[in-house]
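Asker: Input file: model33.pdb. Contents: PDB, C-alpha atoms and all ligand atoms.
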```pdb
ATOM      1  CA  MET A  19      38.753  -0.977 -15.481
ATOM      2  CA  LEU A  20      35.588  -2.268 -17.025
ATOM      3  CA  PHE A  21      35.150  -5.951 -17.885
ATOM      4  CA  VAL A  22      32.348  -8.346 -18.615
ATOM      5  CA  VAL A  23      31.887 -11.813 -17.081
ATOM      6  CA  GLN A  24      29.844 -14.326 -19.017
ATOM      7  CA  GLU A  25      27.448 -16.041 -16.647
ATOM      8  CA  ALA A  26      25.226 -18.982 -17.560
ATOM      9  CA  ASP A  27      22.428 -16.880 -18.982
ATOM     10  CA  LYS A  28      23.914 -13.452 -19.692
ATOM     11  CA  PRO A  29      27.015 -11.284 -19.557
ATOM     12  CA  GLN A  30      27.464  -9.313 -16.347
ATOM     13  CA  PRO A  31      29.463  -6.114 -15.942
ATOM     14  CA  LEU A  32      32.551  -6.293 -13.761
ATOM     15  CA  PHE A  33      34.396  -3.279 -12.424
ATOM     16  CA  ARG A  34      37.952  -3.836 -11.173
ATOM     17  CA  CYS A  35      39.934  -1.478  -8.993
ATOM     18  CA  GLY A  36      42.892   0.203 -10.666
ATOM     19  CA  ILE A  37      44.920  -0.047  -7.456
ATOM     20  CA  CYS A  38      44.313  -3.521  -5.955
ATOM     21  CA  ASP A  39      42.870  -5.169  -9.111
ATOM     22  CA  LYS A  40      40.039  -6.750  -7.094
ATOM     23  CA  PRO A  41      36.384  -6.465  -8.145
ATOM     24  CA  ILE A  42      34.350  -3.491  -6.995
ATOM     25  CA  GLU A  43      31.280  -5.369  -5.835
ATOM     26  CA  HIS A  44      28.815  -2.485  -5.992
ATOM     27  CA  ALA A  45      28.796   1.068  -7.318
ATOM     28  CA  SER A  46      28.462   2.363  -3.751
ATOM     29  CA  LEU A  47      31.915   0.925  -2.956
ATOM     30  CA  GLY A  48      33.761   2.625  -5.819
ATOM     31  CA  ALA A  49      35.102   6.014  -6.786
ATOM     32  CA  VAL A  50      36.700   7.602  -9.822
ATOM     33  CA  VAL A  51      39.753   9.821  -9.410
ATOM     34  CA  PHE A  52      40.829  12.497 -11.864
ATOM     35  CA  PRO A  53      42.966  15.650 -11.805
ATOM     36  CA  ARG A  54      41.668  18.880 -10.382
ATOM     37  CA  GLY A  55      41.599  21.925 -12.633
ATOM     38  CA  LEU A  56      40.638  20.391 -15.982
ATOM     39  CA  GLU A  57      39.693  22.992 -18.575
ATOM     40  CA  PRO A  58      36.235  22.966 -20.233
ATOM     41  CA  GLY A  59      36.287  20.293 -22.942
ATOM     42  CA  GLU A  60      39.490  18.716 -21.643
ATOM     43  CA  ARG A  61      39.353  14.921 -21.260
ATOM     44  CA  TYR A  62      41.281  12.719 -18.908
ATOM     45  CA  ARG A  63      41.119   8.984 -18.236
ATOM     46  CA  VAL A  64      39.726   8.388 -14.763
ATOM     47  CA  LEU A  65      41.209   5.916 -12.306
ATOM     48  CA  LEU A  66      38.511   3.559 -11.004
ATOM     49  CA  VAL A  67      39.171   2.506  -7.404
ATOM     50  CA  HIS A  68      37.632   1.225  -4.206
ATOM     51  CA  LYS A  69      36.711   3.912  -1.719
ATOM     52  CA  GLY A  70      38.992   4.055   1.309
ATOM     53  CA  SER A  71      42.588   2.851   1.165
ATOM     54  CA  CYS A  72      42.637   2.319  -2.621
ATOM     55  CA  ASN A  73      41.273   5.825  -3.147
ATOM     56  CA  GLU A  74      43.947   7.190  -0.804
ATOM     57  CA  ALA A  75      46.645   5.287  -2.729
ATOM     58  CA  ALA A  76      45.356   6.767  -6.009
ATOM     59  CA  LEU A  77      45.661  10.390  -4.913
ATOM     60  CA  PRO A  78      49.441  10.800  -5.384
ATOM     61  CA  ILE A  79      49.257   8.934  -8.709
ATOM     62  CA  VAL A  80      46.753  11.400 -10.159
ATOM     63  CA  GLU A  81      47.924  14.568  -8.384
ATOM     64  CA  THR A  82      49.137  17.380 -10.613
ATOM     65  CA  ASP A  83      50.455  20.867 -10.003
ATOM     66  CA  GLN A  84      46.783  21.921  -9.738
ATOM     67  CA  GLY A  85      46.619  20.226  -6.334
ATOM     68  CA  PRO A  86      45.053  17.054  -5.000
ATOM     69  CA  PRO A  87      42.813  15.194  -7.463
ATOM     70  CA  VAL A  88      39.048  14.977  -7.364
ATOM     71  CA  SER A  89      37.442  11.775  -6.039
ATOM     72  CA  MET A  90      33.875  11.264  -7.232
ATOM     73  CA  ASP A  91      31.596   8.489  -5.986
ATOM     74  CA  LEU A  92      31.235   5.861  -8.707
ATOM     75  CA  ALA A  93      27.451   5.979  -8.248
ATOM     76  CA  ASP A  94      27.434   9.751  -8.890
ATOM     77  CA  TYR A  95      29.678   9.278 -11.929
ATOM     78  CA  LEU A  96      27.305   6.648 -13.323
ATOM     79  CA  ARG A  97      24.241   8.793 -12.580
ATOM     80  CA  ARG A  98      25.794  11.636 -14.578
ATOM     81  CA  PHE A  99      26.642   9.234 -17.396
ATOM     82  CA  LEU A 100      23.048   7.993 -17.467
ATOM     83  CA  SER A 101      21.500  11.463 -17.308
ATOM     84  CA  GLU A 102      19.476  12.500 -20.322
ATOM     85  CA  ASP A 103      21.913  15.208 -21.471
ATOM     86  CA  SER A 104      25.164  13.201 -21.128
ATOM     87  CA  GLY A 105      25.109  12.185 -24.804
ATOM     88  CA  GLU A 106      25.244  15.801 -25.883
ATOM     89  CA  ARG A 107      28.284  16.464 -23.686
ATOM     90  CA  THR A 108      30.252  13.378 -24.712
ATOM     91  CA  ALA A 109      29.485  13.393 -28.446
ATOM     92  CA  ALA A 110      31.678  16.416 -29.153
TER
HETATM   93 ZN    ZN B 201      40.961  -1.606  -4.550
END
```
So that I can check it, write out the structure of this file as structure tokens.

Answerer:
Amino acid sequence: MLFVVQEADKPQPLFRCGICDKPIEHASLGAVVFPRGLEPGERYRVLLVHKGSCNEAALPIVETDQGPPVSMDLADYLRRFLSEDSGERTAA
């Protein structure tokens, strides 16, 4: 889940793992998990987790009859979100 922590001079983003509820200290340590086989235009809430054991624990939670879920590096997810054309995809 996404939070904000107010520090002395500014708010700072805080990402917490959906499995262990501890902070994900850096984008390189996180992943998002979502079902395999989504249809074009279909939306699904992702599960934000630590890579490793938390990601493994998330797999059966998100698994559907389409098979094991997709795990995407949090950094890749954020890069796609920040890409110039992401607004066009998400505005619909
Ligand atoms: Zn975790």

Asker: Per residue of chain A within 7 Å of ligand ZN 201 (chain B), record the nearest atom pair and its distance in Å to one decimal, counting all atoms listed in the file, with rows in chain order and ascending residue number, as a tab-separated table.

Answerer:
```
residue	atom	partner	partner_atom	distance
A:Cys35	CA	B:ZN201	ZN	4.6
A:Gly36	CA	B:ZN201	ZN	6.7
A:Ile37	CA	B:ZN201	ZN	5.2
A:Cys38	CA	B:ZN201	ZN	4.1
A:Asp39	CA	B:ZN201	ZN	6.1
A:Lys40	CA	B:ZN201	ZN	5.8
A:Val67	CA	B:ZN201	ZN	5.3
A:His68	CA	B:ZN201	ZN	4.4
A:Cys72	CA	B:ZN201	ZN	4.7
```

Asker: Restricting it to C-alpha atoms, dump the selection as an mmCIF file, in the frame of the given file.

Answerer:
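Written output follows (out-v4.cif):
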```cif
data_model
loop_
_atom_site.group_PDB
_atom_site.id
_atom_site.type_symbol
_atom_site.label_atom_id
_atom_site.label_comp_id
_atom_site.auth_asym_id
_atom_site.auth_seq_id
_atom_site.Cartn_x
_atom_site.Cartn_y
_atom_site.Cartn_z
ATOM 1 C CA CYS A 35 39.934 -1.478 -8.993
ATOM 2 C CA GLY A 36 42.892 0.203 -10.666
ATOM 3 C CA ILE A 37 44.920 -0.047 -7.456
ATOM 4 C CA CYS A 38 44.313 -3.521 -5.955
ATOM 5 C CA ASP A 39 42.870 -5.169 -9.111
ATOM 6 C CA LYS A 40 40.039 -6.750 -7.094
ATOM 7 C CA VAL A 67 39.171 2.506 -7.404
ATOM 8 C CA HIS A 68 37.632 1.225 -4.206
ATOM 9 C CA CYS A 72 42.637 2.319 -2.621
#
```

Asker: Distance atom CA of Glu102 of chain A-atom CA of Gly59 of chain A, one decimal place?

Answerer: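 Computed distance, atom CA of Glu102 of chain A to atom CA of Gly59 of chain A, equals 18.7 Å.
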
Asker: So which residues get picked by the PyMOL selection byres (((chain A and resi 21) around 10) and not hetatm) here, written as a list in words?

Answerer: Met19, Leu20, Val22, Val23, Gln24, Pro29, Gln30, Pro31, Leu32, Phe33, Arg34 and Pro41 of chain A

Asker: How far is it from atom CA of Gly48 of chain A to atom CA of Ala93 of chain A, in Å with one decimal?

Answerer: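 Pair atom CA of Gly48 of chain A / atom CA of Ala93 of chain A returns 7.5 Å.
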
Asker: Any idea what the distance is between atom CA of Pro58 of chain A and atom CA of Arg98 of chain A?

Answerer: 16.4 Å

Asker: Excluding same-chain residues fewer than 4 positions from Val50 of chain A, what lies within 8 Å of it counting all atoms listed in the file, as a list in words?

Answerer: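 Surrounding residues, per the criterion: Val64, Leu65, Leu66, Val67, Ser89, Met90, Asp91, Leu92 and Tyr95 of chain A.
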
Asker: Which residues, protein or nucleic acid, reach to within 9 Å of (43.2, 15.7, -4.9) in the file's coordinates when using all atoms listed in the file, and can you give that as a ChimeraX atom specification?

Answerer: /A:51-54,77-78,80-82,84-89
